[in-house]
Structures are given as C-alpha cells and as structure tokens.
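**Q** query.cif is reproduced in full below (mmCIF, C-alpha atoms).
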data_my_file
#
loop_
_atom_site.group_PDB
_atom_site.id
_atom_site.type_symbol
_atom_site.label_atom_id
_atom_site.label_comp_id
_atom_site.auth_asym_id
_atom_site.auth_seq_id
_atom_site.Cartn_x
_atom_site.Cartn_y
_atom_site.Cartn_z
ATOM 1 C CA MET A 1 -231.064 -23.900 69.676
ATOM 2 C CA LYS A 2 -233.307 -22.146 67.180
ATOM 3 C CA GLU A 3 -235.510 -25.155 66.489
ATOM 4 C CA LEU A 4 -236.697 -28.013 68.666
ATOM 5 C CA SER A 5 -235.784 -30.327 65.779
ATOM 6 C CA LEU A 6 -232.125 -29.418 66.430
ATOM 7 C CA ASN A 7 -232.431 -30.387 70.108
ATOM 8 C CA ILE A 8 -234.028 -33.644 68.956
ATOM 9 C CA LEU A 9 -231.141 -34.281 66.535
ATOM 10 C CA ASP A 10 -228.611 -33.615 69.284
ATOM 11 C CA VAL A 11 -230.255 -35.802 71.931
ATOM 12 C CA ALA A 12 -231.021 -38.641 69.492
ATOM 13 C CA GLU A 13 -227.301 -38.680 68.600
ATOM 14 C CA ASN A 14 -226.725 -39.708 72.225
ATOM 15 C CA SER A 15 -228.930 -42.751 71.572
ATOM 16 C CA VAL A 16 -226.866 -43.593 68.486
ATOM 17 C CA ARG A 17 -223.676 -43.356 70.538
ATOM 18 C CA ALA A 18 -225.273 -45.556 73.214
ATOM 19 C CA GLY A 19 -225.262 -48.331 70.614
ATOM 20 C CA ALA A 20 -229.037 -48.464 70.158
ATOM 21 C CA ALA A 21 -230.493 -50.720 67.442
ATOM 22 C CA ASN A 22 -233.872 -49.000 67.680
ATOM 23 C CA ILE A 23 -234.592 -45.355 68.381
ATOM 24 C CA SER A 24 -238.116 -44.024 68.493
ATOM 25 C CA ILE A 25 -238.901 -40.340 68.315
ATOM 26 C CA LEU A 26 -242.470 -39.424 69.128
ATOM 27 C CA LEU A 27 -244.024 -35.980 69.037
ATOM 28 C CA SER A 28 -247.569 -35.760 70.251
ATOM 29 C CA LEU A 29 -249.655 -32.591 70.360
ATOM 30 C CA ASP A 30 -252.855 -32.741 72.377
ATOM 31 C CA GLY A 31 -255.986 -30.634 71.953
ATOM 32 C CA ALA A 32 -254.930 -28.297 74.764
ATOM 33 C CA GLY A 33 -251.691 -27.332 73.020
ATOM 34 C CA TRP A 34 -249.299 -29.454 75.079
ATOM 35 C CA LEU A 35 -246.574 -31.148 73.095
ATOM 36 C CA THR A 36 -244.891 -34.280 74.412
ATOM 37 C CA LEU A 37 -241.556 -35.357 72.973
ATOM 38 C CA THR A 38 -240.364 -38.885 73.693
ATOM 39 C CA ILE A 39 -236.994 -40.199 72.533
ATOM 40 C CA ALA A 40 -236.613 -43.859 73.487
ATOM 41 C CA ASP A 41 -233.732 -46.183 72.685
ATOM 42 C CA ASP A 42 -232.546 -49.718 73.427
ATOM 43 C CA GLY A 43 -228.937 -48.652 73.878
ATOM 44 C CA CYS A 44 -226.577 -49.252 76.774
ATOM 45 C CA GLY A 45 -228.601 -47.216 79.274
ATOM 46 C CA MET A 46 -227.329 -45.376 82.345
ATOM 47 C CA ASP A 47 -227.234 -46.060 86.054
ATOM 48 C CA GLU A 48 -229.104 -43.832 88.504
ATOM 49 C CA GLN A 49 -226.102 -41.734 89.329
ATOM 50 C CA THR A 50 -225.379 -41.009 85.664
ATOM 51 C CA VAL A 51 -229.023 -40.101 84.996
ATOM 52 C CA ARG A 52 -228.825 -37.564 87.805
ATOM 53 C CA ARG A 53 -225.717 -36.040 86.320
ATOM 54 C CA VAL A 54 -226.662 -35.675 82.622
ATOM 55 C CA SER A 55 -228.767 -32.596 83.385
ATOM 56 C CA ASP A 56 -225.634 -30.967 84.711
ATOM 57 C CA PRO A 57 -223.943 -28.961 81.938
ATOM 58 C CA PHE A 58 -220.595 -29.903 83.395
ATOM 59 C CA TYR A 59 -221.163 -33.600 82.826
ATOM 60 C CA THR A 60 -220.348 -35.488 79.648
ATOM 61 C CA THR A 61 -219.309 -39.010 78.700
ATOM 62 C CA ARG A 62 -216.715 -37.583 76.370
ATOM 63 C CA THR A 63 -213.185 -37.635 77.613
ATOM 64 C CA THR A 64 -211.907 -34.870 75.361
ATOM 65 C CA ARG A 65 -214.002 -32.041 76.820
ATOM 66 C CA LYS A 66 -215.590 -31.261 80.135
ATOM 67 C CA VAL A 67 -219.027 -30.028 79.127
ATOM 68 C CA GLY A 68 -222.117 -31.728 77.702
ATOM 69 C CA LEU A 69 -224.983 -29.437 76.783
ATOM 70 C CA GLY A 70 -227.438 -31.627 74.869
ATOM 71 C CA ILE A 71 -229.773 -32.542 77.726
ATOM 72 C CA PRO A 72 -229.451 -29.173 79.535
ATOM 73 C CA PHE A 73 -230.485 -27.362 76.312
ATOM 74 C CA LEU A 74 -233.546 -29.596 75.864
ATOM 75 C CA GLN A 75 -234.431 -29.202 79.523
ATOM 76 C CA LEU A 76 -234.218 -25.423 79.160
ATOM 77 C CA ALA A 77 -236.411 -25.465 76.031
ATOM 78 C CA ALA A 78 -239.083 -27.420 77.946
ATOM 79 C CA ALA A 79 -238.822 -25.527 81.233
ATOM 80 C CA GLN A 80 -239.077 -22.077 79.639
ATOM 81 C CA THR A 81 -242.585 -22.989 78.401
ATOM 82 C CA GLY A 82 -243.620 -24.337 81.811
ATOM 83 C CA GLY A 83 -242.942 -27.931 80.788
ATOM 84 C CA ALA A 84 -240.464 -30.433 82.170
ATOM 85 C CA LEU A 85 -237.929 -33.084 81.214
ATOM 86 C CA GLN A 86 -237.714 -36.576 82.594
ATOM 87 C CA ILE A 87 -235.198 -39.333 81.979
ATOM 88 C CA ASP A 88 -235.789 -43.028 82.636
ATOM 89 C CA SER A 89 -232.888 -45.320 82.073
ATOM 90 C CA GLU A 90 -231.659 -48.745 82.979
ATOM 91 C CA PRO A 91 -228.214 -50.149 82.256
ATOM 92 C CA GLY A 92 -228.432 -52.746 79.483
ATOM 93 C CA LYS A 93 -232.027 -51.879 78.603
ATOM 94 C CA GLY A 94 -231.987 -48.355 77.226
ATOM 95 C CA THR A 95 -233.004 -44.796 77.889
ATOM 96 C CA THR A 96 -236.196 -42.804 77.490
ATOM 97 C CA VAL A 97 -236.084 -39.015 77.482
ATOM 98 C CA LYS A 98 -239.448 -37.333 77.775
ATOM 99 C CA ALA A 99 -240.033 -33.595 77.553
ATOM 100 C CA THR A 100 -243.242 -31.592 77.653
ATOM 101 C CA PHE A 101 -243.877 -28.165 76.140
ATOM 102 C CA ASP A 102 -246.711 -25.672 76.277
ATOM 103 C CA THR A 103 -246.911 -24.676 72.595
ATOM 104 C CA GLY A 104 -249.028 -21.670 73.591
ATOM 105 C CA SER A 105 -246.135 -20.161 75.532
ATOM 106 C CA VAL A 106 -244.303 -17.204 73.939
ATOM 107 C CA ASP A 107 -241.111 -19.036 74.849
ATOM 108 C CA PHE A 108 -242.000 -22.180 72.910
ATOM 109 C CA THR A 109 -239.250 -22.994 70.398
ATOM 110 C CA PRO A 110 -240.790 -23.917 67.027
ATOM 111 C CA ILE A 111 -240.377 -27.557 66.049
ATOM 112 C CA GLY A 112 -238.785 -26.621 62.731
ATOM 113 C CA ASP A 113 -237.466 -28.956 60.082
ATOM 114 C CA MET A 114 -238.037 -32.533 61.306
ATOM 115 C CA PRO A 115 -237.448 -34.069 57.828
ATOM 116 C CA SER A 116 -233.878 -32.664 57.901
ATOM 117 C CA THR A 117 -233.338 -33.990 61.415
ATOM 118 C CA LEU A 118 -234.470 -37.513 60.456
ATOM 119 C CA ALA A 119 -232.431 -37.404 57.238
ATOM 120 C CA THR A 120 -229.336 -36.345 59.192
ATOM 121 C CA LEU A 121 -229.808 -39.076 61.801
ATOM 122 C CA ILE A 122 -230.378 -41.798 59.209
ATOM 123 C CA MET A 123 -227.361 -40.656 57.154
ATOM 124 C CA GLY A 124 -225.167 -40.819 60.238
ATOM 125 C CA ALA A 125 -226.475 -44.163 61.459
ATOM 126 C CA PRO A 126 -227.962 -46.059 58.502
ATOM 127 C CA ASN A 127 -228.010 -49.364 60.387
ATOM 128 C CA VAL A 128 -230.140 -48.100 63.263
ATOM 129 C CA ASP A 129 -233.907 -48.424 62.972
ATOM 130 C CA PHE A 130 -235.650 -45.115 63.535
ATOM 131 C CA HIS A 131 -239.347 -45.021 64.358
ATOM 132 C CA PHE A 132 -240.743 -41.534 63.989
ATOM 133 C CA ARG A 133 -244.306 -40.460 64.616
ATOM 134 C CA HIS A 134 -245.649 -36.926 64.966
ATOM 135 C CA THR A 135 -249.312 -36.775 65.865
ATOM 136 C CA THR A 136 -251.516 -33.697 66.083
ATOM 137 C CA PRO A 137 -255.308 -33.398 66.401
ATOM 138 C CA ASP A 138 -255.298 -32.902 62.592
ATOM 139 C CA GLY A 139 -253.372 -36.022 61.612
ATOM 140 C CA GLU A 140 -249.915 -37.550 61.723
ATOM 141 C CA VAL A 141 -246.533 -37.853 60.047
ATOM 142 C CA VAL A 142 -244.873 -41.270 60.204
ATOM 143 C CA LEU A 143 -241.511 -42.678 59.145
ATOM 144 C CA ASN A 144 -240.243 -46.170 59.955
ATOM 145 C CA THR A 145 -236.859 -47.130 58.578
ATOM 146 C CA ASP A 146 -237.539 -50.877 58.992
ATOM 147 C CA GLN A 147 -240.263 -50.510 56.377
ATOM 148 C CA LEU A 148 -237.872 -48.652 54.039
ATOM 149 C CA ARG A 149 -235.183 -51.260 54.680
ATOM 150 C CA ALA A 150 -237.605 -54.026 53.671
ATOM 151 C CA THR A 151 -238.135 -52.255 50.352
ATOM 152 C CA LEU A 152 -234.466 -51.448 49.778
ATOM 153 C CA GLY A 153 -233.143 -54.911 50.562
ATOM 154 C CA SER A 154 -229.784 -55.611 52.171
ATOM 155 C CA GLU A 155 -227.521 -54.251 49.442
ATOM 156 C CA VAL A 156 -228.643 -50.629 49.324
ATOM 157 C CA SER A 157 -227.853 -48.455 52.327
ATOM 158 C CA LEU A 158 -230.347 -46.008 53.764
ATOM 159 C CA ALA A 159 -227.488 -43.496 53.649
ATOM 160 C CA GLU A 160 -227.438 -43.418 49.826
ATOM 161 C CA LEU A 161 -227.938 -39.806 48.781
ATOM 162 C CA GLU A 162 -230.949 -40.587 46.612
ATOM 163 C CA VAL A 163 -232.580 -42.538 49.430
ATOM 164 C CA ILE A 164 -231.994 -39.652 51.852
ATOM 165 C CA ALA A 165 -233.524 -37.222 49.353
ATOM 166 C CA TRP A 166 -236.535 -39.526 49.023
ATOM 167 C CA ILE A 167 -236.930 -39.725 52.819
ATOM 168 C CA LYS A 168 -236.933 -35.931 53.133
ATOM 169 C CA ASP A 169 -239.478 -35.478 50.374
ATOM 170 C CA TYR A 170 -241.628 -38.313 51.739
ATOM 171 C CA MET A 171 -241.788 -36.623 55.146
ATOM 172 C CA ARG A 172 -242.248 -33.108 53.724
ATOM 173 C CA GLU A 173 -245.255 -34.286 51.736
ATOM 174 C CA GLN A 174 -246.814 -35.694 54.884
ATOM 175 C CA TYR A 175 -246.206 -32.392 56.696
ATOM 176 C CA ASP A 176 -247.742 -30.492 53.769
ATOM 177 C CA ARG A 177 -250.812 -32.685 54.053
ATOM 178 C CA LEU A 178 -251.022 -31.794 57.724
ATOM 179 C CA GLY A 179 -251.632 -28.291 56.462
ATOM 180 C CA GLY A 180 -248.076 -27.063 56.883
ATOM 181 C CA LYS A 181 -248.622 -27.215 60.608
ATOM 182 C CA ASN A 182 -245.365 -28.359 62.075
ATOM 183 C CA GLU A 183 -246.568 -27.906 65.566
ATOM 184 C CA MET B 1 -246.454 -38.160 45.741
ATOM 185 C CA LYS B 2 -243.540 -40.180 47.101
ATOM 186 C CA THR B 3 -244.287 -43.885 47.146
ATOM 187 C CA LEU B 4 -242.463 -47.024 48.191
ATOM 188 C CA ALA B 5 -242.495 -48.026 44.524
ATOM 189 C CA GLU B 6 -240.215 -45.070 43.855
ATOM 190 C CA LEU B 7 -237.895 -46.273 46.591
ATOM 191 C CA ALA B 8 -237.818 -49.705 44.944
ATOM 192 C CA ALA B 9 -236.806 -48.010 41.678
ATOM 193 C CA ILE B 10 -233.922 -46.262 43.487
ATOM 194 C CA ARG B 11 -232.877 -49.668 44.867
ATOM 195 C CA ASP B 12 -232.813 -51.252 41.404
ATOM 196 C CA LYS B 13 -230.695 -48.417 40.073
ATOM 197 C CA MET B 14 -228.320 -48.564 43.055
ATOM 198 C CA GLN B 15 -227.809 -52.312 42.955
ATOM 199 C CA ASN B 16 -226.086 -51.933 39.609
ATOM 200 C CA LYS B 17 -223.791 -49.297 41.046
ATOM 201 C CA VAL B 18 -222.799 -50.983 44.287
ATOM 202 C CA THR B 19 -219.890 -52.892 42.837
ATOM 203 C CA ILE B 20 -218.126 -49.873 41.334
ATOM 204 C CA ARG B 21 -218.118 -47.857 44.558
ATOM 205 C CA GLU B 22 -215.495 -47.680 47.292
ATOM 206 C CA GLY B 23 -212.802 -46.962 44.718
ATOM 207 C CA GLU B 24 -209.464 -45.261 45.279
ATOM 208 C CA GLY B 25 -209.077 -41.514 45.296
ATOM 209 C CA GLN B 26 -212.112 -40.881 47.441
ATOM 210 C CA THR B 27 -212.736 -37.418 48.824
ATOM 211 C CA ARG B 28 -214.278 -37.246 52.286
ATOM 212 C CA ILE B 29 -216.213 -34.211 53.495
ATOM 213 C CA VAL B 30 -216.695 -34.410 57.262
ATOM 214 C CA VAL B 31 -219.107 -32.134 59.106
ATOM 215 C CA GLY B 32 -218.908 -31.671 62.894
ATOM 216 C CA MET B 33 -222.347 -32.522 64.289
ATOM 217 C CA ALA B 34 -221.965 -32.372 68.072
ATOM 218 C CA THR B 35 -224.039 -30.000 70.233
ATOM 219 C CA CYS B 36 -221.686 -27.108 69.391
ATOM 220 C CA GLY B 37 -221.921 -27.712 65.643
ATOM 221 C CA ILE B 38 -225.683 -28.247 65.620
ATOM 222 C CA ALA B 39 -226.299 -25.089 67.661
ATOM 223 C CA ALA B 40 -224.078 -23.074 65.309
ATOM 224 C CA GLY B 41 -225.938 -24.242 62.191
ATOM 225 C CA ALA B 42 -224.202 -27.437 61.030
ATOM 226 C CA ARG B 43 -227.382 -29.220 59.917
ATOM 227 C CA PRO B 44 -228.104 -26.919 56.934
ATOM 228 C CA VAL B 45 -224.386 -27.044 56.026
ATOM 229 C CA LEU B 46 -224.421 -30.859 56.029
ATOM 230 C CA ASN B 47 -227.609 -30.908 53.977
ATOM 231 C CA ALA B 48 -226.194 -28.416 51.474
ATOM 232 C CA PHE B 49 -223.135 -30.649 50.962
ATOM 233 C CA VAL B 50 -225.279 -33.777 50.603
ATOM 234 C CA GLU B 51 -227.605 -32.140 48.093
ATOM 235 C CA GLY B 52 -224.762 -30.408 46.247
ATOM 236 C CA VAL B 53 -222.770 -33.638 45.873
ATOM 237 C CA ALA B 54 -225.872 -35.493 44.664
ATOM 238 C CA ASP B 55 -226.856 -32.727 42.221
ATOM 239 C CA ALA B 56 -223.341 -32.578 40.775
ATOM 240 C CA GLY B 57 -223.330 -36.357 40.294
ATOM 241 C CA LEU B 58 -220.230 -36.693 42.509
ATOM 242 C CA GLY B 59 -221.706 -39.429 44.692
ATOM 243 C CA ASP B 60 -219.273 -42.090 43.460
ATOM 244 C CA THR B 61 -216.087 -40.244 44.412
ATOM 245 C CA VAL B 62 -217.156 -37.959 47.259
ATOM 246 C CA THR B 63 -218.598 -39.047 50.582
ATOM 247 C CA VAL B 64 -220.206 -36.712 53.104
ATOM 248 C CA THR B 65 -220.040 -37.908 56.692
ATOM 249 C CA GLN B 66 -220.679 -36.629 60.218
ATOM 250 C CA THR B 67 -218.430 -36.546 63.211
ATOM 251 C CA GLY B 68 -218.603 -35.364 66.810
ATOM 252 C CA CYS B 69 -216.921 -32.389 68.396
ATOM 253 C CA ILE B 70 -213.676 -31.551 66.596
ATOM 254 C CA GLY B 71 -212.521 -29.427 69.529
ATOM 255 C CA ILE B 72 -212.703 -25.923 68.092
ATOM 256 C CA CYS B 73 -216.268 -25.074 69.098
ATOM 257 C CA GLN B 74 -215.763 -21.330 68.620
ATOM 258 C CA TYR B 75 -215.262 -21.933 64.882
ATOM 259 C CA GLU B 76 -218.345 -24.102 64.328
ATOM 260 C CA PRO B 77 -219.803 -25.093 61.944
ATOM 261 C CA VAL B 78 -216.537 -26.813 61.044
ATOM 262 C CA VAL B 79 -216.044 -28.898 57.902
ATOM 263 C CA GLU B 80 -212.955 -30.958 57.135
ATOM 264 C CA VAL B 81 -212.066 -32.127 53.628
ATOM 265 C CA PHE B 82 -209.798 -35.146 53.226
ATOM 266 C CA GLU B 83 -208.366 -35.974 49.822
ATOM 267 C CA ALA B 84 -205.943 -38.782 49.090
ATOM 268 C CA GLY B 85 -202.365 -37.535 48.988
ATOM 269 C CA LYS B 86 -203.225 -33.993 50.070
ATOM 270 C CA ASP B 87 -203.232 -32.090 53.353
ATOM 271 C CA LYS B 88 -206.530 -31.886 55.223
ATOM 272 C CA VAL B 89 -208.407 -28.622 54.653
ATOM 273 C CA THR B 90 -210.442 -27.247 57.574
ATOM 274 C CA TYR B 91 -213.256 -24.830 56.799
ATOM 275 C CA VAL B 92 -214.699 -22.809 59.677
ATOM 276 C CA LYS B 93 -217.842 -20.787 60.387
ATOM 277 C CA MET B 94 -219.473 -22.461 57.421
ATOM 278 C CA THR B 95 -222.918 -21.635 56.095
ATOM 279 C CA ALA B 96 -225.101 -23.319 53.498
ATOM 280 C CA ASP B 97 -224.339 -20.362 51.186
ATOM 281 C CA LYS B 98 -220.594 -20.977 51.375
ATOM 282 C CA VAL B 99 -221.017 -24.646 50.437
ATOM 283 C CA LYS B 100 -221.538 -24.005 46.727
ATOM 284 C CA ARG B 101 -218.165 -22.275 46.362
ATOM 285 C CA VAL B 102 -216.386 -25.055 48.236
ATOM 286 C CA LEU B 103 -217.993 -27.646 45.970
ATOM 287 C CA ASP B 104 -217.268 -25.708 42.770
ATOM 288 C CA GLU B 105 -213.740 -24.466 43.494
ATOM 289 C CA HIS B 106 -212.347 -27.128 45.829
ATOM 290 C CA ILE B 107 -214.154 -30.432 45.343
ATOM 291 C CA LYS B 108 -214.609 -30.054 41.582
ATOM 292 C CA GLY B 109 -211.882 -27.522 40.792
ATOM 293 C CA GLY B 110 -209.145 -28.801 43.087
ATOM 294 C CA SER B 111 -208.204 -25.515 44.780
ATOM 295 C CA PRO B 112 -209.400 -24.904 48.361
ATOM 296 C CA VAL B 113 -211.319 -21.693 49.113
ATOM 297 C CA ALA B 114 -208.612 -20.052 51.228
ATOM 298 C CA GLU B 115 -210.772 -17.327 52.730
ATOM 299 C CA TYR B 116 -213.078 -19.863 54.437
ATOM 300 C CA THR B 117 -210.274 -21.890 56.016
ATOM 301 C CA ILE B 118 -209.171 -21.900 59.629
ATOM 302 C CA ASP B 119 -205.773 -20.467 58.642
ATOM 303 C CA MET B 120 -207.463 -17.256 57.499
ATOM 304 C CA ALA B 121 -209.796 -17.149 60.525
ATOM 305 C CA GLN B 122 -206.822 -17.290 62.878
ATOM 306 C CA LYS B 123 -204.941 -14.434 61.187
#
Transcribe the structure of this file into structure tokens.

**A**
Amino acid sequence: MKELSLNILDVAENSVRAGAANISILLSLDGAGWLTLTIADDGCGMDEQTVRRVSDPFYTTRTTRKVGLGIPFLQLAAAQTGGALQIDSEPGKGTTVKATFDTGSVDFTPIGDMPSTLATLIMGAPNVDFHFRHTTPDGEVVLNTDQLRATLGSEVSLAELEVIAWIKDYMREQYDRLGGKNE
Amino acid sequence: MKTLAELAAIRDKMQNKVTIREGEGQTRIVVGMATCGIAAGARPVLNAFVEGVADAGLGDTVTVTQTGCIGICQYEPVVEVFEAGKDKVTYVKMTADKVKRVLDEHIKGGSPVAEYTIDMAQK
C-alpha cells in the first residue's frame, strides 16, 4: 500500500464487516517520532485461535477466496519501520488492532489522505459511528460522526454526497491548520 | 471554515429532497473496495465517481456504492455499472482520470466506454 491511510481503510472495513456499531481510529504521534495507530471496534470479535491466524496471509473469513492480506500488509508496514502490530479481541466484545511505527525510519509509509479514508468508510457504512482522532505534538484533527448525526437528524444520511464532501473539507481544514503535517 | 451550521443547512436542503429519491430507473455504480482494490488504487476512483456525480447534479438518479472483492483481482480497480433493463458493464484497471469519460459518455450519454471494459482487456 502506498499510504498508511489505505491500510487503515482496509483494516477498518474488517470492523464494519464484524458488525460494529462504533469504530474508533486513533493516530497518535509522540515527541520522539513514534506513531501509534489504534483501530478499535465493538463488533463480533474473534477467538484466540482466529486472532493467531489473521496475521497469516493464507487466512481469511471469506469463503470465495483463500487469501486475506489486510492485516499482513499493516503488520509489514509497521515491522519495516521497527514497529509492531498487536491484536486484542474477544468474541462478542470486539477487536482492537494496535500498530506502532517509527516515523523517522526511511521505510515509514506516509499517512496520506485520511480525509478520503474517513469519507470512504462513512459512505460505505453510514450507520456506524466513527470516532477519529489524530494527535501530534502540534495539535489534533478530530471527527466524530455521532456529533454530525445529531446535527443532521434521523432523516438525512451521512452518506449523502454533500455531507461526504463537507466531511472531507472539514477534516482537510483541520489538517491545514496542523500546518499541513499529516504525520 | 466548515461549521456545523453549514451541515445543518445541508440537512434542511436534503429533507425536502428525501421524498423524491429512490425512484425507478436508478443507475448503480459499484466500486470494488477489498484489499486488492484498495491496493490497486480504488479509493481515488471511488472519490472521483462520488465527486463527479455530485458535480453533475446526478445524485437523484445515480448511486455510487462499494463492494468487496469481485473476484478478478488482477483487473482491479474494478467498477461495475448497473442500469435498469441493460446488461451490466464491467470497467477494469480504472483510474480517477478515466472516470470523467465514463461519466460523460456512459452515465450521461448512454454508451459505455468500450475500451475500458473487461471485454477489451481480455482480448
């Protein structure tokens, strides 16, 4: 994947498919240049054996194909910077995927276009509540769909094209205020 | 600056429209967004369709949706167009640049862009 935001899109889609009502995506950059990505959901969760197998490229829950590369790709992106990936999951409670990255590494994949990733996720699953927060030592970018939903009311879907356009612009402005620093 | 007040204005505008949606003769544009599609560049393709449909004011008759792996990963990004009463058209190896022609010639003009379709790619 060319951007970490694409890995995030791919792995968060797993949370959508797990039937999650809430998905939080947190990016946190510390002063030493370590980035922590946490994707947490309240979906169906996995048992221990399944958790062990999702890092295997030849494991997938799909029945139509025999490979699943979402988690292995994210694991690779983390490991090539000297970071790691960890999965905590419990059946019925949900799953948390946590990955760490050394942003100073030459092999660090740039974060890329997070507003597009959030817009794509929300379009595909307008009834899920997404909680996004990206913090850096310089400030933060935040998007909570429950807040948007409260403004929109029950009749207007978050997937409406004009709403999606607003969400992208809203996030882009916050990133611009962070000084264009996406990482 | 984007504000929640602006979002409320979008809501007020939309509420008037809600009742006239979901009509017959809908066109569905479906973009494959599994790992294979995403890695091949499906996100900018999806976004180009969404923005293009909105800009052209086609939002009432055309929907843009996402699906998982269609099963032809080597041709990703793959886009399928479903129109009532017509055969499905499958576009392969799509890019954001190709989207404009598909919107202009196929979605608005009614004739699929043959050179982007899977039939041409397999020849």

**Q** Work out how far atom CA of A:Leu6 is from atom CA of B:Met33, in Å to one decimal.

**A** 10.5 Å

**Q** When you get a sec, could you note down which chain B residues fall within 10 Å of chain A, using all atoms listed in the file, as a PyMOL selection string?

**A** chain B and resi 1-15+17-18+33-44+46-47+50-51+53-55+59+63-71

**Q** Name the residues that the PyMOL selection byres ((chain A and resi 85) around 6) pulls out of this structure, and write them as a PyMOL selection string.

**A** chain A and resi 75+84+86+98-99

**Q** Would you place a box with edges along x, y and z of the file around all atoms of stretch 142-149 of chain A listed there, add 6 Å to each of its six sides, and report the centre and edge lengths in Å to one decimal, as AutoDock Vina command-line options?

**A**
--center_x -240.0 --center_y -46.3 --center_z 57.1 --size_x 21.7 --size_y 22.0 --size_z 18.2

**Q** Please return, as a ChimeraX atom specification, all polymer residues that have at least one atom within 10 Å of the point (-220.0, -27.2, 49.3); use all atoms listed in the file and the file's own coordinate frame.

**A** /B:29,45-53,79,94-108

**Q** Those same residues - C-alpha atoms - I'd like them written as a CSV table (one decimal), in the frame of the given file.

**A**
chain,number,residue,atom,x,y,z
B,29,ILE,CA,-216.2,-34.2,53.5
B,45,VAL,CA,-224.4,-27.0,56.0
B,46,LEU,CA,-224.4,-30.9,56.0
B,47,ASN,CA,-227.6,-30.9,54.0
B,48,ALA,CA,-226.2,-28.4,51.5
B,49,PHE,CA,-223.1,-30.6,51.0
B,50,VAL,CA,-225.3,-33.8,50.6
B,51,GLU,CA,-227.6,-32.1,48.1
B,52,GLY,CA,-224.8,-30.4,46.2
B,53,VAL,CA,-222.8,-33.6,45.9
B,79,VAL,CA,-216.0,-28.9,57.9
B,94,MET,CA,-219.5,-22.5,57.4
B,95,THR,CA,-222.9,-21.6,56.1
B,96,ALA,CA,-225.1,-23.3,53.5
B,97,ASP,CA,-224.3,-20.4,51.2
B,98,LYS,CA,-220.6,-21.0,51.4
B,99,VAL,CA,-221.0,-24.6,50.4
B,100,LYS,CA,-221.5,-24.0,46.7
B,101,ARG,CA,-218.2,-22.3,46.4
B,102,VAL,CA,-216.4,-25.1,48.2
B,103,LEU,CA,-218.0,-27.6,46.0
B,104,ASP,CA,-217.3,-25.7,42.8
B,105,GLU,CA,-213.7,-24.5,43.5
B,106,HIS,CA,-212.3,-27.1,45.8
B,107,ILE,CA,-214.2,-30.4,45.3
B,108,LYS,CA,-214.6,-30.1,41.6
